[in-house]
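K.L.:
This is the structure I want to talk about, given as structure tokens.
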Amino acid sequence: MHTPPDRTSFRKPRASDGSDIWALVRACKPLDENSMYCNLLQCDHFADSCIIAERDGRPVGWISGYLRPGAPDTLFVWQVAVHPDARGLGLGSRMLDALLARDEMKPVRQLQTTITRDNAPSWALFRSLAARHGSELSETPYFTQDRHFAGAAPTEHMVTIPLGAAMARVA
């Protein structure tokens with residue numbers, strides 16, 4: 001059986017991508033939807049720490065992130081979205097690796113994200129990242145259901161993956 005070549009490309013977002021990213025996130029249930037304006041700002045103000053995956057000219061993957069204020073060696077990954085039509089291709093891992101390989105990420109020595117306990121795909125994605133980088137992840141409750149979400153959302157666990165040694169090898 002012949003496997004078609006992968007037609008996925010990765011790039012930094014532009015302000016003009018905001019509405020497409022908003023639509024992509026909406027198609028990726030159960031991800032939390034932000035306002036279109038929020039996605040526009042992510043594409044414009046945080047382009048260096050966000051990435052779009054495209055196939056045939058349309059976004060099929062998105063990672064939003066930023067360098068944490070006061071901790072410029074920490075990339076915080078806010079959201080990972082992979083369109084249902086593009087799942088099962090390792091796209092989340094490939095986007096993370098492409099993002100971390102950028103020149104702008106050279107100062108990054110750790111990655112952080114928050115994950116709810118029941119989000120098995122996210123746990124697998126970030127455990128895989130840690131393994132690829134010869135590291136282990138740690139986690140602790142961060143935004144809690146009762147204290148921060150008034151009982152309306154499950155606790156978000158802060159996941160931290162040290163990348164120092166692995167990133168030095170990439171550089």
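Going through the structure tokens in order, the chains are called A, B, and so on, while each chain numbers its residues from 1 and the ligands are numbered from 1 in the order shown.
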So which bits of chain A end up strand (DSSP E) when you DSSP the backbone, as a PyMOL selection string?
P.N.:
chain A and resi 8-11+51-55+58-68+71-82+110-116+138-143+156-162
K.L.:
Could you produce a table of the residues of segment 35-119 of chain A lying within 10 Å of segment 14-26 of chain A, with the nearest pair of atoms per residue and their separation in Å rounded to one decimal, using only C-alpha atoms, ordered by chain and increasing residue number, as CSV?
P.N.:
residue,atom,partner,partner_atom,distance
A:Ser35,CA,A:Trp22,CA,7.4
A:Met36,CA,A:Trp22,CA,5.4
A:Tyr37,CA,A:Gly18,CA,7.4
A:Cys38,CA,A:Gly18,CA,8.2
A:Asn39,CA,A:Gly18,CA,5.1
A:Leu40,CA,A:Gly18,CA,4.0
A:Leu41,CA,A:Ala15,CA,7.3
A:Gln42,CA,A:Gly18,CA,7.7
A:Cys43,CA,A:Ala15,CA,5.1
A:Asp44,CA,A:Ala15,CA,4.6
A:His45,CA,A:Ala15,CA,8.4
A:Phe46,CA,A:Arg14,CA,9.5
A:Ala47,CA,A:Arg14,CA,6.8
A:Cys50,CA,A:Arg14,CA,10.0
A:Ile51,CA,A:Arg14,CA,9.9
A:Ile52,CA,A:Ile21,CA,8.5
A:Arg58,CA,A:Asp20,CA,8.3
A:Pro59,CA,A:Asp20,CA,7.1
A:Val60,CA,A:Leu24,CA,7.1
A:Gly61,CA,A:Leu24,CA,7.7
A:Trp62,CA,A:Ile21,CA,7.2
A:Ile63,CA,A:Ile21,CA,9.7
A:Ser64,CA,A:Ile21,CA,9.9
A:Gln79,CA,A:Val25,CA,9.1
A:Val80,CA,A:Val25,CA,8.8
A:Ala81,CA,A:Val25,CA,6.1
A:Val82,CA,A:Leu24,CA,8.0
A:His83,CA,A:Leu24,CA,6.6
A:Pro84,CA,A:Leu24,CA,9.7
K.L.:
Could you give me, as JSON lines, a per-residue list for segment 121-140 of chain A showing, wherever an atom lies at most 10 Å from an atom of segment 145-158 of chain A, the closest pair of atoms and their distance in Å to one decimal, using only C-alpha atoms and sorting by chain then residue number from low to high?
P.N.:
{"residue": "A:Leu137", "atom": "CA", "partner": "A:Met158", "partner_atom": "CA", "distance": 9.9}
{"residue": "A:Ser138", "atom": "CA", "partner": "A:Met158", "partner_atom": "CA", "distance": 8.1}
{"residue": "A:Glu139", "atom": "CA", "partner": "A:Met158", "partner_atom": "CA", "distance": 5.3}
{"residue": "A:Thr140", "atom": "CA", "partner": "A:His157", "partner_atom": "CA", "distance": 5.3}
K.L.:
Pick out the closest residue to Ala53 of chain A from this set: A:Arg127, A:Arg102, A:His133, A:Arg7. Count only C-alpha atoms.
P.N.:
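Looking only at the distances to Ala53 of chain A, the closest residue turns out to be A:Arg7.
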K.L.:
Which of chain A end up as helix (DSSP H, G or I) when DSSP is run on this backbone - answer as a PyMOL selection string?
P.N.:
chain A and resi 15-27+36-45+47-49+84-86+91-100+103-105+120-132+164-170
K.L.:
Pick the closest to Arg94 of chain A from A:Pro30, A:Pro162, A:Ser135, A:Phe126: which is it, counting only C-alpha atoms?
P.N.:
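Of all the options, A:Phe126 lies closest to Arg94 of chain A.
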K.L.:
So that I can see what lies close to segment 67-77 of chain A, please list as a PDB file with N, CA, C and O atoms, in the first residue's frame the residues with an atom at most 7 Å from it, counting only C-alpha atoms and leaving out residues fewer than 2 positions away in the same chain.
P.N.:
ATOM      1  N   SER A  64      -0.999  27.479  20.906  1.00  0.00           N
ATOM      2  CA  SER A  64      -0.776  28.817  21.427  1.00  0.00           C
ATOM      3  C   SER A  64       0.081  28.699  22.673  1.00  0.00           C
ATOM      4  O   SER A  64      -0.077  27.765  23.466  1.00  0.00           O
ATOM      5  N   GLY A  65       1.006  29.614  22.796  1.00  0.00           N
ATOM      6  CA  GLY A  65       1.882  29.620  23.950  1.00  0.00           C
ATOM      7  C   GLY A  65       2.507  30.989  24.125  1.00  0.00           C
ATOM      8  O   GLY A  65       2.313  31.885  23.298  1.00  0.00           O
ATOM      9  N   GLN A  79      -2.729  26.159  24.635  1.00  0.00           N
ATOM     10  CA  GLN A  79      -3.726  25.302  23.994  1.00  0.00           C
ATOM     11  C   GLN A  79      -3.095  24.561  22.818  1.00  0.00           C
ATOM     12  O   GLN A  79      -2.278  25.118  22.087  1.00  0.00           O
ATOM     13  N   PRO A 107      16.279  30.341  24.505  1.00  0.00           N
ATOM     14  CA  PRO A 107      16.392  30.543  25.956  1.00  0.00           C
ATOM     15  C   PRO A 107      15.536  29.575  26.791  1.00  0.00           C
ATOM     16  O   PRO A 107      15.693  29.499  28.002  1.00  0.00           O
ATOM     17  N   VAL A 108      14.634  28.848  26.157  1.00  0.00           N
ATOM     18  CA  VAL A 108      13.692  27.993  26.886  1.00  0.00           C
ATOM     19  C   VAL A 108      14.412  26.789  27.488  1.00  0.00           C
ATOM     20  O   VAL A 108      15.099  26.048  26.784  1.00  0.00           O
ATOM     21  N   ARG A 109      14.218  26.619  28.794  1.00  0.00           N
ATOM     22  CA  ARG A 109      14.799  25.487  29.511  1.00  0.00           C
ATOM     23  C   ARG A 109      13.738  24.595  30.134  1.00  0.00           C
ATOM     24  O   ARG A 109      14.047  23.537  30.668  1.00  0.00           O
ATOM     25  N   GLN A 110      12.478  25.056  30.085  1.00  0.00           N
ATOM     26  CA  GLN A 110      11.385  24.200  30.548  1.00  0.00           C
ATOM     27  C   GLN A 110      10.100  24.599  29.860  1.00  0.00           C
ATOM     28  O   GLN A 110       9.941  25.737  29.420  1.00  0.00           O
ATOM     29  N   LEU A 111       9.216  23.635  29.757  1.00  0.00           N
ATOM     30  CA  LEU A 111       7.887  23.853  29.206  1.00  0.00           C
ATOM     31  C   LEU A 111       6.894  23.601  30.310  1.00  0.00           C
ATOM     32  O   LEU A 111       7.058  22.665  31.100  1.00  0.00           O
ATOM     33  N   GLN A 112       5.861  24.439  30.360  1.00  0.00           N
ATOM     34  CA  GLN A 112       4.770  24.231  31.297  1.00  0.00           C
ATOM     35  C   GLN A 112       3.452  24.297  30.550  1.00  0.00           C
ATOM     36  O   GLN A 112       3.338  24.963  29.514  1.00  0.00           O
ATOM     37  N   THR A 113       2.480  23.591  31.085  1.00  0.00           N
ATOM     38  CA  THR A 113       1.116  23.630  30.577  1.00  0.00           C
ATOM     39  C   THR A 113       0.209  23.189  31.716  1.00  0.00           C
ATOM     40  O   THR A 113       0.691  22.653  32.718  1.00  0.00           O
TER      41      THR A 113
END
K.L.:
Would you work out the distance separating atom CA of Met95 of chain A from atom CA of Arg55 of chain A, expressed in Å to one decimal?
P.N.:
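These two atoms are separated by 13.1 Å.
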K.L.:
Measuring atom to atom with only C-alpha atoms, identify which of A:Ser93, A:Gly88, A:Thr8, A:Asp32 is nearest to Gly57 of chain A.
P.N.:
A:Thr8
K.L.:
What's the separation between atom CA of Asp56 of chain A and atom CA of Arg11 of chain A, in Å to one decimal place?
P.N.:
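Taking atom CA of Asp56 of chain A as the start and atom CA of Arg11 of chain A as the end point, the length is 13.6 Å.
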